[in-house]
Structure formats: structure tokens, C-alpha cells
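Inspection log for the structure reproduced underneath, given as C-alpha cells.
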Amino acid sequence: MTFTKPSVLVVLVSTLAVGLGVFRSASSQGQASNSEVAVSVEGPRPLAEAAKLLELKLGVGVSYEDVPLVYSGDYARASNTSWGRKYGDDHAEFKAANPFGFIGGTLQIRFQTDPRTRQPIAPASRLLQDVIDQHSTRNNPGEFRLATLGKDFSIVPTAARDRNGKMVAVRSPLDFPISFPVAERTGMETLRTICDAVTMASGYRVGVGGIPLNMTRNTVVRLGVNGELARDVLVKMLEGLRWSDPRTLGPMSKLSWQLLYGLEAHDIERGFYALNLEAVEREEPTRVGTIRRVRVSR
């Protein structure tokens with residue numbers, strides 16, 4: 001399979017977290033009070049940014065799979081969107097390029113955190129479902145559901161507007177069954193094998209996007225499947241990865257994915273997906289009262 005690297009302006013421009021506040025809520029006398037965190041998210045993929053933010057807060061994998069957008073009304077020049085104007089004010093090159101991409105939307109994320117651990121008090125599934133429900137209520141492009149993957153999650157598309165603007169059911173490329181023979185491959189070879197199989201099964205063109213550098217040569221996994229959902233196969237791959245050199249020290253990091261949809265030459269008739277992997281991190285309070293990021297082991 002030949003894959004064209006996704007356009008940076010369409011696929012990889014991050015959502016903007018435009019406001020962050022931490023507030024104290026009332027508590028019983030003599031007890032430490034909970035903190036309420038409030039974040040305003042605005043950009044081309046507000047749910048994708050919400051997934052990464054809550055992944056960091058929760059310390060579990062929160063993956064995201066883009067909705068395939070084919071309706072022209074779901075796209076705009078950055079200068080015609082609120083998020084594009086705000087991002088352009090701080091990035092002259094972006095403002096001059098004025099890229100064409102998702103019209104996007106906004107989300108308001110609020111949750112209470114434990115004063116000791118700084119982690120959200122509410123269950124991860126509830127926080128994520130609340131964000132998905134709000135995305136729909138705000139009429140942001142696409143509709144989504146929450147898929148549970150053991151202790152981890154993925155935000156998965158279920159509906160989008162067709163070329164005439166009518167809302168219709170859609171499937172993520174990872175919701176199709178795939179097959180390939182059993183073999184031991186490097187992490188990169190296995191990821192490419194999965195993407196090729198997904199392309200064949202779903203009809204969407206799917207290729208490898210950004211991945212951690214050490215996955216290219218330093219990992220192996222033995223894997224083969226027959227008619228299993230691609231999402232489950234991807235989970236199997238990530239759980240089965242091991243260092244190719246047994247002398248390598250250190251545990252494997254937990255990985256999550258973002259399956260991002262993009263366009264070629266601003267042509268909504270020629271969309272494609274890039275499968276990106278990132279190490280899962282969580283926030284951890286230090287003894288001096290600051291917060292640091294640490295990688296979550298698999």
C-alpha cells in the first residue's frame with residue numbers, strides 16, 4: 001500500500017484549549033476541599049482534545065476515531081472559524097496559510113478532583129460520556145459513542161452528514177472485521193499490516209501516521225487474526241508488543257490511538273485516515289506541590 005502523509009494543516013492541527021480554571025468547592029469543616037477543574041476547548045476536533053486531556057487526568061487510555069466528513073458545510077477556511085482566528089493570532093504562519101479544514105466546535109469540560117491525588121472523582125466512563133453528549137448538544141460535526149476496551153476507552157463515530165447535509169449512520173474503519181496470517185513482525189510492520197487490512201475491509205484508505213520512535217525497529221509481536229474487529233485487533237497488538245532485544249530495560253508504555261481523517265488537496269471526495277499512536281501519560285502531584293507528567297506502564 002502506498003500512503004501519502006496527511007496534510008499537517010488538515011489532519012494534525014491541534015484543538016485549542018482556550019481557557020483553564022481551577023476552583024474550590026465547598027466541603028465539610030476540617031476536611032480538604034475538592035477542586036473543580038473547568039476547561040474550555042475550541043477547535044477543529046474538540047472531542048479529540050477532550051480525549052487527550054481526560055486521558056492525562058484519568059491515567060487510562062482514551063483513544064479517538066474521527067468521523068468521516070463529506071458535507072461541504074462541515075468545512076471552512078480557518079479565518080472563518082472562531083478557533084482559527086484565535087490560533088492565527090499567535091501563529092503568523094498559520095494565519096497566512098489560512099488552511100481549509102474541519103469547522104469544528106467548542107466544549108466546556110468541568111469535573112471535581114480529589115485534593116490528594118488531583119484525579120477526577122467521577123468515574124471515567126461518566127466523564128467521557130458527558131463530553132460526548134455535550135458534543136451532540138452543541139451540534140458539533142458528527143455523532144459519537146463510547147467504546148469500552150477493558151480499562152481503556154475509545155470515542156467512536158456513529159453518524160455524520162452526507163453530501164446533501166442529511167444525518168446518516170457511519171462506521172469507523174476500526175468497526176470492520178479484518179484478517180491476516182499469523183507471523184512475528186516488528187511493531188511497525190504489524191501496524192502497516194493492520195492498516196492495509198482495514199483499507200481492504202472498510203473501503204476507507206488508512207495508513208500509519210505518527211508513532212513513537214522506538215516502535216519502528218525495537219518491538220516485535222506475534223499476531224494473526226481471522227474476521228475480528230479491527231479495533232480489537234489493534235488492542236491485541238498493543239497488548240502483545242514486546243522489546244525485540246530481551247536485554248532492553250524498562251516496562252512497555254501503554255499506548256492509545258487517534259485515527260484522524262484528512263483531505264487531499266482540499267477535496268472532500270478524496271478523504272483518508274492516518275492512524276497515530278501516543279504513549280499514555282497521567283498527571284502526578286509532587287512533594288513540592290507541583291504537577292508532573294509520567295508515562296503509564298502497560
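Here, A, B, ... name the chains of the C-alpha cells in the order displayed, residue numbers run from 1 inside each chain, and ligands are numbered from 1 in the same displayed order.
Once Pro251 of chain A and its same-chain neighbours fewer than 3 positions away are set aside, Arg242, Trp243, Thr248, Lys254, Val296, Ser297 and Arg298 of chain A remain within 10 Å of it when counting only C-alpha atoms.
Residues in contact with segment 216-227 of chain A at 7 Å, where only C-alpha atoms are counted and same-chain residues fewer than 5 positions away are skipped, are listed as Pro177, Ile178, Ser179, Phe180, Pro181, Val182, Ala183, Glu184, Arg185, Thr186, Gly187, Met188, Met237, Gly240, Leu241, Arg242, Trp243 and Ser244 of chain A.
You can rank A:Val280, A:Ala201, A:Leu263, A:Lys57 by their closest distance to Ala122 of chain A using only C-alpha atoms, and at the top of that list sits A:Lys57.
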Nearest residue to Ala76 of chain A from the set A:Gly59, A:Gly209, A:Gly104, A:Gly88 (distances using only C-alpha atoms): A:Gly104
So which residues touch Leu53 of chain A within 12 Å, counting only C-alpha atoms, skipping near sequence neighbours fewer than 5 positions away, as number ranges by chain? A: 15-17, 20, 37-41, 46-48, 58-64, 109-111, 119-120, 127-128, 131, 280-283
Only N, CA and C atoms, please: the residues just picked out, written as a tab-separated table (two decimals), in the first residue's frame.
chain	number	residue	atom	x	y	z
A	15	THR	N	-6.55	20.90	18.49
A	15	THR	CA	-7.61	21.70	19.09
A	15	THR	C	-7.00	22.67	20.08
A	16	LEU	N	-7.68	23.78	20.31
A	16	LEU	CA	-7.18	24.79	21.24
A	16	LEU	C	-7.88	24.68	22.58
A	17	ALA	N	-7.11	24.50	23.64
A	17	ALA	CA	-7.66	24.61	24.98
A	17	ALA	C	-7.54	26.09	25.36
A	20	LEU	N	-8.56	27.64	31.08
A	20	LEU	CA	-8.40	26.64	32.12
A	20	LEU	C	-8.54	27.31	33.48
A	37	VAL	N	-12.22	21.58	38.24
A	37	VAL	CA	-11.45	21.99	37.07
A	37	VAL	C	-12.42	22.32	35.95
A	38	ALA	N	-12.20	23.44	35.29
A	38	ALA	CA	-13.03	23.85	34.16
A	38	ALA	C	-12.12	24.19	32.98
A	39	VAL	N	-12.36	23.55	31.86
A	39	VAL	CA	-11.55	23.78	30.66
A	39	VAL	C	-12.47	24.08	29.48
A	40	SER	N	-12.16	25.15	28.76
A	40	SER	CA	-12.88	25.48	27.53
A	40	SER	C	-12.03	25.00	26.35
A	41	VAL	N	-12.61	24.14	25.53
A	41	VAL	CA	-11.90	23.59	24.38
A	41	VAL	C	-12.58	24.07	23.11
A	46	PRO	N	-12.71	19.14	18.78
A	46	PRO	CA	-12.81	19.31	20.24
A	46	PRO	C	-12.86	18.00	21.00
A	47	LEU	N	-13.49	16.97	20.43
A	47	LEU	CA	-13.54	15.68	21.13
A	47	LEU	C	-12.16	15.02	21.19
A	48	ALA	N	-11.35	15.19	20.17
A	48	ALA	CA	-10.00	14.62	20.18
A	48	ALA	C	-9.18	15.25	21.29
A	58	LEU	N	-7.09	11.12	33.94
A	58	LEU	CA	-7.57	9.82	34.44
A	58	LEU	C	-6.47	8.77	34.52
A	59	GLY	N	-5.44	8.90	33.70
A	59	GLY	CA	-4.38	7.91	33.69
A	59	GLY	C	-4.76	6.61	32.99
A	60	VAL	N	-5.79	6.64	32.14
A	60	VAL	CA	-6.19	5.48	31.35
A	60	VAL	C	-6.16	5.86	29.87
A	61	GLY	N	-6.10	4.86	29.00
A	61	GLY	CA	-6.08	5.16	27.58
A	61	GLY	C	-7.44	5.65	27.09
A	62	VAL	N	-7.44	6.81	26.43
A	62	VAL	CA	-8.67	7.35	25.83
A	62	VAL	C	-8.36	7.65	24.37
A	63	SER	N	-8.70	6.71	23.50
A	63	SER	CA	-8.44	6.87	22.08
A	63	SER	C	-9.58	7.64	21.42
A	64	TYR	N	-9.33	8.06	20.19
A	64	TYR	CA	-10.32	8.86	19.46
A	64	TYR	C	-10.27	8.46	17.99
A	109	ILE	N	-15.50	21.52	29.60
A	109	ILE	CA	-15.24	20.33	30.41
A	109	ILE	C	-15.09	20.75	31.87
A	110	ARG	N	-15.91	20.19	32.73
A	110	ARG	CA	-15.87	20.51	34.16
A	110	ARG	C	-15.92	19.21	34.96
A	111	PHE	N	-15.08	19.12	35.97
A	111	PHE	CA	-15.12	17.96	36.86
A	111	PHE	C	-14.42	18.29	38.18
A	119	GLN	N	-6.87	13.69	40.90
A	119	GLN	CA	-7.58	12.96	39.86
A	119	GLN	C	-9.09	13.20	39.96
A	120	PRO	N	-9.81	13.10	38.83
A	120	PRO	CA	-11.26	13.28	38.86
A	120	PRO	C	-11.94	12.30	39.80
A	127	LEU	N	-17.49	10.70	32.85
A	127	LEU	CA	-16.89	11.94	32.34
A	127	LEU	C	-16.83	11.93	30.81
A	128	LEU	N	-16.42	10.82	30.25
A	128	LEU	CA	-16.30	10.73	28.80
A	128	LEU	C	-17.67	10.78	28.13
A	131	VAL	N	-18.98	14.33	28.00
A	131	VAL	CA	-18.35	15.13	26.95
A	131	VAL	C	-18.95	14.79	25.59
A	280	VAL	N	0.46	6.83	26.71
A	280	VAL	CA	-0.49	7.36	27.69
A	280	VAL	C	0.28	7.93	28.87
A	281	GLU	N	-0.06	9.15	29.26
A	281	GLU	CA	0.56	9.79	30.41
A	281	GLU	C	-0.52	10.16	31.43
A	282	ARG	N	-0.10	10.33	32.68
A	282	ARG	CA	-1.01	10.81	33.71
A	282	ARG	C	-0.31	11.89	34.53
A	283	GLU	N	-1.11	12.75	35.12
A	283	GLU	CA	-0.57	13.78	35.99
A	283	GLU	C	-0.37	13.23	37.39
